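What follows is a short report on a single structure.
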Amino acid sequence: MHMNPEDKQLIPGPFHVIKEPPGPDAPAQRDPKVAATVSEMLSTIESGGLDAVRKYAEQLDGFTGADLEVGKAEFAAAARDLPADLREALDAGADRSRRFAQMQRDRLVDFEEEILPGLVCGQRQVPVGAVGAYLPAGRFPLLASAFMTVGVAKVAGVPNIVSCTPPSNAGAAHPAVLYAARASGAERVFQVGGVQALAAMAFGLFDGIPPADMIVGAGNAYVAEAKRQLYGRVGIDVLAGPSEVAVIADDTATTTMVAADLLGQAEHGPTSPASLVTTSRRLAEELPAEIDRQLAGLSTRSVAEPAWRDYGSIYLAEDRETAVAIMDLLAPEHLEVLTDDLDWYLQNLTNYGSLFLGEWSTVAYADKGMSGTNHVLPTGRNARFTGGLSVAGFLKTLTYQRSTKEATEAQARPVVTVSNFEQLDGHRDSAQLRLDLLDD
């Protein structure tokens, strides 16, 4: 989230740059070497099938088991071995994410209505046929990923859902990831990571599971590149870059809270941008020292510190209108508003992945599934033109029309006129045929 010089010309009011990243935005995940490796792997897997998947799983994932699919005993062990409070927390996150998705689904309705006498048009909300959900489990297993993908796809009514997760726990799937997957309604989970997981789901290599129509879920640069190269053959959710956070705050906000919430997302990765846009000079001037103070005691300092140093920013705006203009240019993935006029910002902000209003909201709640909203969100300023994953992402809005003889004149006559002008005789004849039948 870096403003280019031309961007600054679009800000209507005065503002000051207190801190800005030393270079351009975080580098795009697409790297020529990564792209070449992914392309070779996809080709090898498409021709070699499940044997190639297993080979990559052993070489790259460290898979040591006999069966790639997680069995009932492994699910049972995962549930038995996890602390009770963690199980309760994961159950709560899965339930809230499912409930919010159901609220969305209830408002995506089929309808049919007469446009003119004899012409009825309508739409149907139809789920995609098969979804492959990637559940990351690297250095920091993101346990809520299953809530946002598997759980939401279930609410959408997707009939075939398969999940893959890297065997990150001594050559086997992480038990907490397995528990979260089962809490989300996952039925078939395979211990495969990376490119080989996405390829297996896209190509339909697992026994009894059709090729995926969609691939969803976060991952590293190789996973993102595999999604990019598979797109078109399958649908995807988003091509996500580094996680982003931004805060709009006024003089009512505490420096401690702003710093904590920025660092809470900066620890996602060393290229994760974190930005403050504030109308408070006090806050803008106090924040750098408070960030340094909190970094000193943060276990993830090695990640969060370079993220803030290289990709952190502070902008001091003259008024709230200028603050909104700056933030709409940044178009962050996650946006917190810590001000005394929350409703005004809710009505006037337009470019963000998900919005967190007031000091009692925080991005961390949604990250872990506890607020119910989906955390698969657009990054890299893509919030200017798209929202995040939702139950609607797993549905196809299919339109239809039903005409009778009564509606022929009103449709066919202008089609003949337009088609003659365009010199598309086939279109003209298709409409003229029906006009001629009126005279029979």
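Just so we're on the same page: first chain in the structure tokens is A, next is B, and so on; residues restart at 1 for each chain, and ligands are numbered from 1 in the order they show up.
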Item to complete: Might you pull out every residue within 6 Å of Gln191 (chain A), with only C-alpha atoms counted and same-chain residues fewer than 2 positions away left off, and present them as a PyMOL selection string?
Response: chain A and resi 68+164-167+173
Generate the output file for the selected residues, C-alpha atoms, as a PDB file, in the first residue's frame.
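Result saved to out_11.pdb:
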```pdb
ATOM      1  CA  LEU A  68      -2.539 -39.678   1.186  1.00  0.00           C
ATOM      2  CA  CYS A 164      -5.727 -30.705   0.930  1.00  0.00           C
ATOM      3  CA  THR A 165      -3.322 -29.685   3.671  1.00  0.00           C
ATOM      4  CA  PRO A 166       0.473 -30.073   3.841  1.00  0.00           C
ATOM      5  CA  PRO A 167       1.781 -32.901   6.057  1.00  0.00           C
ATOM      6  CA  ALA A 173      -1.384 -33.514   8.607  1.00  0.00           C
TER       7      ALA A 173
END
```
Practice prompt. Per DSSP on the backbone, filter region 48-193 of chain A down to the residues in strand (DSSP E) and report them as number ranges by chain.
Written response: A: 111-116, 119-127, 130-134, 160-164, 188-190
Worksheet item: If you run DSSP on the backbone, which residues of region 392-425 of chain A are alpha helix (DSSP H), as JSON, numbers by chain?
Response: {"A": [408, 409, 410, 411, 412, 413, 414, 415, 416, 417, 418, 419, 420, 421, 422, 425]}
Could you turn the residues from that selection into a file that holds C-alpha atoms, as a PDB file, in the first residue's frame?
```pdb
ATOM      1  CA  THR A 408     -42.600 -11.527 -30.363  1.00  0.00           C
ATOM      2  CA  GLU A 409     -43.352  -8.181 -32.005  1.00  0.00           C
ATOM      3  CA  ALA A 410     -41.748  -6.166 -29.184  1.00  0.00           C
ATOM      4  CA  GLN A 411     -38.514  -8.162 -29.349  1.00  0.00           C
ATOM      5  CA  ALA A 412     -38.144  -9.332 -32.931  1.00  0.00           C
ATOM      6  CA  ARG A 413     -38.848  -6.060 -34.732  1.00  0.00           C
ATOM      7  CA  PRO A 414     -36.023  -4.077 -33.063  1.00  0.00           C
ATOM      8  CA  VAL A 415     -33.666  -7.070 -33.395  1.00  0.00           C
ATOM      9  CA  VAL A 416     -34.215  -7.038 -37.153  1.00  0.00           C
ATOM     10  CA  THR A 417     -33.462  -3.308 -37.229  1.00  0.00           C
ATOM     11  CA  VAL A 418     -30.263  -3.571 -35.159  1.00  0.00           C
ATOM     12  CA  SER A 419     -29.055  -6.689 -37.013  1.00  0.00           C
ATOM     13  CA  ASN A 420     -29.528  -5.047 -40.405  1.00  0.00           C
ATOM     14  CA  PHE A 421     -27.418  -2.113 -39.251  1.00  0.00           C
ATOM     15  CA  GLU A 422     -24.720  -4.479 -37.934  1.00  0.00           C
ATOM     16  CA  ASP A 425     -27.888 -11.544 -41.267  1.00  0.00           C
TER      17      ASP A 425
END
```
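Restricting the calculation to only C-alpha atoms, the smallest distance between Leu295 (chain A) and any of A:Leu377, A:Leu276, A:Met327, A:Leu262 is found for A:Leu262.
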Practice prompt. Tell me which of A:Pro83, A:Pro21, A:Gly118, A:Gly65 sits closest to Ala274 (chain A), counting only C-alpha atoms.
Written response: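 Of all the options, A:Pro21 lies closest to Ala274 (chain A).
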Practice prompt. Compile the contact shell of Ala212 (chain A) as a list in words: residues with an atom at most 9 Å away, counting only C-alpha atoms, same-chain residues fewer than 5 positions apart removed.
Written response: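 Near Ala212 (chain A), the qualifying residues are Gly129, Ala130, Val131, Gly132, Asn160, Ile161, Val162, Met201, Ala202, Phe203, Gly204, Val234 and Gly235 of chain A.
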Please save all heavy atoms of the selected residues as an mmCIF file, in the first residue's frame.
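Result went into out10.cif, see below:
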```cif
data_model
loop_
_atom_site.group_PDB
_atom_site.id
_atom_site.type_symbol
_atom_site.label_atom_id
_atom_site.label_comp_id
_atom_site.auth_asym_id
_atom_site.auth_seq_id
_atom_site.Cartn_x
_atom_site.Cartn_y
_atom_site.Cartn_z
ATOM 1 N N GLY A 129 -20.175 -27.218 -9.077
ATOM 2 C CA GLY A 129 -20.274 -28.655 -8.838
ATOM 3 C C GLY A 129 -19.225 -29.235 -7.919
ATOM 4 O O GLY A 129 -19.493 -30.178 -7.172
ATOM 5 N N ALA A 130 -18.005 -28.680 -7.969
ATOM 6 C CA ALA A 130 -16.915 -29.276 -7.183
ATOM 7 C C ALA A 130 -15.914 -28.192 -6.798
ATOM 8 O O ALA A 130 -15.526 -27.366 -7.628
ATOM 9 C CB ALA A 130 -16.211 -30.372 -7.984
ATOM 10 N N VAL A 131 -15.496 -28.217 -5.538
ATOM 11 C CA VAL A 131 -14.546 -27.240 -5.007
ATOM 12 C C VAL A 131 -13.375 -27.960 -4.360
ATOM 13 O O VAL A 131 -13.553 -28.941 -3.624
ATOM 14 C CB VAL A 131 -15.224 -26.308 -3.977
ATOM 15 C CG1 VAL A 131 -14.192 -25.529 -3.167
ATOM 16 C CG2 VAL A 131 -16.165 -25.336 -4.678
ATOM 17 N N GLY A 132 -12.167 -27.468 -4.639
ATOM 18 C CA GLY A 132 -10.967 -27.934 -3.955
ATOM 19 C C GLY A 132 -10.492 -26.846 -3.011
ATOM 20 O O GLY A 132 -10.244 -25.711 -3.441
ATOM 21 N N ASN A 160 -19.668 -31.421 -4.058
ATOM 22 C CA ASN A 160 -18.396 -32.140 -3.968
ATOM 23 C C ASN A 160 -17.302 -31.196 -3.483
ATOM 24 O O ASN A 160 -16.946 -30.243 -4.171
ATOM 25 C CB ASN A 160 -17.999 -32.712 -5.333
ATOM 26 C CG ASN A 160 -19.002 -33.716 -5.861
ATOM 27 O OD1 ASN A 160 -19.107 -34.831 -5.348
ATOM 28 N ND2 ASN A 160 -19.766 -33.324 -6.873
ATOM 29 N N ILE A 161 -16.783 -31.450 -2.279
ATOM 30 C CA ILE A 161 -15.726 -30.617 -1.702
ATOM 31 C C ILE A 161 -14.594 -31.529 -1.247
ATOM 32 O O ILE A 161 -14.820 -32.482 -0.496
ATOM 33 C CB ILE A 161 -16.234 -29.799 -0.503
ATOM 34 C CG1 ILE A 161 -17.451 -28.951 -0.899
ATOM 35 C CG2 ILE A 161 -15.128 -28.906 0.042
ATOM 36 C CD1 ILE A 161 -18.132 -28.278 0.276
ATOM 37 N N VAL A 162 -13.393 -31.222 -1.711
ATOM 38 C CA VAL A 162 -12.215 -31.964 -1.277
ATOM 39 C C VAL A 162 -11.220 -30.954 -0.714
ATOM 40 O O VAL A 162 -11.140 -29.811 -1.178
ATOM 41 C CB VAL A 162 -11.576 -32.765 -2.444
ATOM 42 C CG1 VAL A 162 -11.154 -31.846 -3.577
ATOM 43 C CG2 VAL A 162 -10.397 -33.591 -1.963
ATOM 44 N N MET A 201 -6.288 -31.662 -7.187
ATOM 45 C CA MET A 201 -7.702 -31.287 -7.084
ATOM 46 C C MET A 201 -8.236 -30.793 -8.429
ATOM 47 O O MET A 201 -9.357 -31.134 -8.814
ATOM 48 C CB MET A 201 -7.867 -30.216 -5.994
ATOM 49 C CG MET A 201 -7.570 -30.739 -4.591
ATOM 50 S SD MET A 201 -7.969 -29.560 -3.254
ATOM 51 C CE MET A 201 -6.678 -28.319 -3.456
ATOM 52 N N ALA A 202 -7.431 -30.001 -9.137
ATOM 53 C CA ALA A 202 -7.887 -29.457 -10.419
ATOM 54 C C ALA A 202 -8.046 -30.541 -11.474
ATOM 55 O O ALA A 202 -8.967 -30.495 -12.294
ATOM 56 C CB ALA A 202 -6.913 -28.390 -10.911
ATOM 57 N N PHE A 203 -7.151 -31.525 -11.456
ATOM 58 C CA PHE A 203 -7.177 -32.575 -12.480
ATOM 59 C C PHE A 203 -8.050 -33.764 -12.087
ATOM 60 O O PHE A 203 -8.211 -34.694 -12.876
ATOM 61 C CB PHE A 203 -5.752 -33.068 -12.759
ATOM 62 C CG PHE A 203 -4.809 -31.990 -13.247
ATOM 63 C CD1 PHE A 203 -3.439 -32.119 -13.052
ATOM 64 C CD2 PHE A 203 -5.276 -30.860 -13.889
ATOM 65 C CE1 PHE A 203 -2.554 -31.144 -13.494
ATOM 66 C CE2 PHE A 203 -4.401 -29.873 -14.336
ATOM 67 C CZ PHE A 203 -3.048 -30.011 -14.139
ATOM 68 N N GLY A 204 -8.583 -33.755 -10.866
ATOM 69 C CA GLY A 204 -9.444 -34.855 -10.431
ATOM 70 C C GLY A 204 -8.695 -36.158 -10.248
ATOM 71 O O GLY A 204 -9.180 -37.220 -10.655
ATOM 72 N N VAL A 234 -9.907 -23.832 -14.086
ATOM 73 C CA VAL A 234 -10.759 -23.804 -12.901
ATOM 74 C C VAL A 234 -10.947 -22.350 -12.490
ATOM 75 O O VAL A 234 -10.169 -21.476 -12.879
ATOM 76 C CB VAL A 234 -10.153 -24.591 -11.718
ATOM 77 C CG1 VAL A 234 -9.977 -26.059 -12.068
ATOM 78 C CG2 VAL A 234 -8.814 -23.981 -11.292
ATOM 79 N N GLY A 235 -11.962 -22.094 -11.704
ATOM 80 C CA GLY A 235 -12.107 -20.785 -11.091
ATOM 81 C C GLY A 235 -11.277 -20.728 -9.823
ATOM 82 O O GLY A 235 -10.896 -21.765 -9.259
#
```
Item to complete: For Arg105 (chain A), please output as an MDAnalysis selection string all residues within 10 Å (counting only C-alpha atoms; exclusion window: fewer than 2 positions along the same chain).
Response: chainID A and resid 99:103 107:109 125 152 155:157 390:392 395
So that I can check the surroundings of Pro5 (chain A), please list as a JSON list (two decimals) with C-alpha atoms, in the first residue's frame every protein, DNA and RNA residue that reaches within 12 Å of it, counting only C-alpha atoms and ignoring chain neighbours fewer than 5 positions away.
```json
[["chain", "number", "residue", "atom", "x", "y", "z"],
["A", 10, "LEU", "CA", -5.83, 12.96, -6.34],
["A", 11, "ILE", "CA", -6.04, 13.83, -2.63],
["A", 17, "VAL", "CA", 3.63, 12.04, 4.98],
["A", 24, "PRO", "CA", 7.68, 0.52, -4.07],
["A", 329, "LEU", "CA", -6.37, 5.10, -2.82]]
```
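Using only C-alpha atoms, the smallest distance between any of A:Thr399, A:Trp360, A:Ile18, A:Gly369 and Glu286 (chain A) comes from A:Ile18.
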Worksheet item: Using only C-alpha atoms, which residue out of A:Ala253, A:Ala146, A:Leu82, A:Ala199 lies closest to Gly48 (chain A)?
Response: A:Ala199
Counting only C-alpha atoms, what is within 7 Å of Leu119 (chain A), bar same-chain residues fewer than 3 positions away, as a PDB file with N, CA and C atoms, in the first residue's frame?
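The resulting file, out_7.pdb, is shown below:
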```pdb
ATOM      1  N   GLU A 114     -42.221 -10.765 -14.974  1.00  0.00           N
ATOM      2  CA  GLU A 114     -42.583 -10.392 -16.334  1.00  0.00           C
ATOM      3  C   GLU A 114     -42.017  -9.013 -16.668  1.00  0.00           C
ATOM      4  N   ILE A 115     -41.215  -8.942 -17.735  1.00  0.00           N
ATOM      5  CA  ILE A 115     -40.633  -7.674 -18.172  1.00  0.00           C
ATOM      6  C   ILE A 115     -41.606  -6.911 -19.058  1.00  0.00           C
ATOM      7  N   LEU A 116     -42.275  -7.642 -19.945  1.00  0.00           N
ATOM      8  CA  LEU A 116     -43.320  -7.071 -20.785  1.00  0.00           C
ATOM      9  C   LEU A 116     -44.309  -8.195 -21.076  1.00  0.00           C
ATOM     10  N   ARG A 402     -38.314 -16.706 -20.827  1.00  0.00           N
ATOM     11  CA  ARG A 402     -39.362 -17.517 -21.457  1.00  0.00           C
ATOM     12  C   ARG A 402     -40.303 -16.559 -22.186  1.00  0.00           C
ATOM     13  N   SER A 403     -40.317 -16.670 -23.514  1.00  0.00           N
ATOM     14  CA  SER A 403     -41.150 -15.773 -24.320  1.00  0.00           C
ATOM     15  C   SER A 403     -42.349 -16.526 -24.889  1.00  0.00           C
ATOM     16  N   THR A 404     -43.412 -15.797 -25.105  1.00  0.00           N
ATOM     17  CA  THR A 404     -44.585 -16.335 -25.783  1.00  0.00           C
ATOM     18  C   THR A 404     -44.808 -15.543 -27.085  1.00  0.00           C
ATOM     19  N   ALA A 407     -45.061 -11.705 -26.977  1.00  0.00           N
ATOM     20  CA  ALA A 407     -43.894 -10.835 -26.827  1.00  0.00           C
ATOM     21  C   ALA A 407     -43.039 -10.766 -28.087  1.00  0.00           C
TER      22      ALA A 407
END
```
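Using only C-alpha atoms for every distance, the candidate list A:Asp7, A:Val245, A:Pro22, A:Val277 yields A:Pro22 as the residue closest to Pro306 (chain A).
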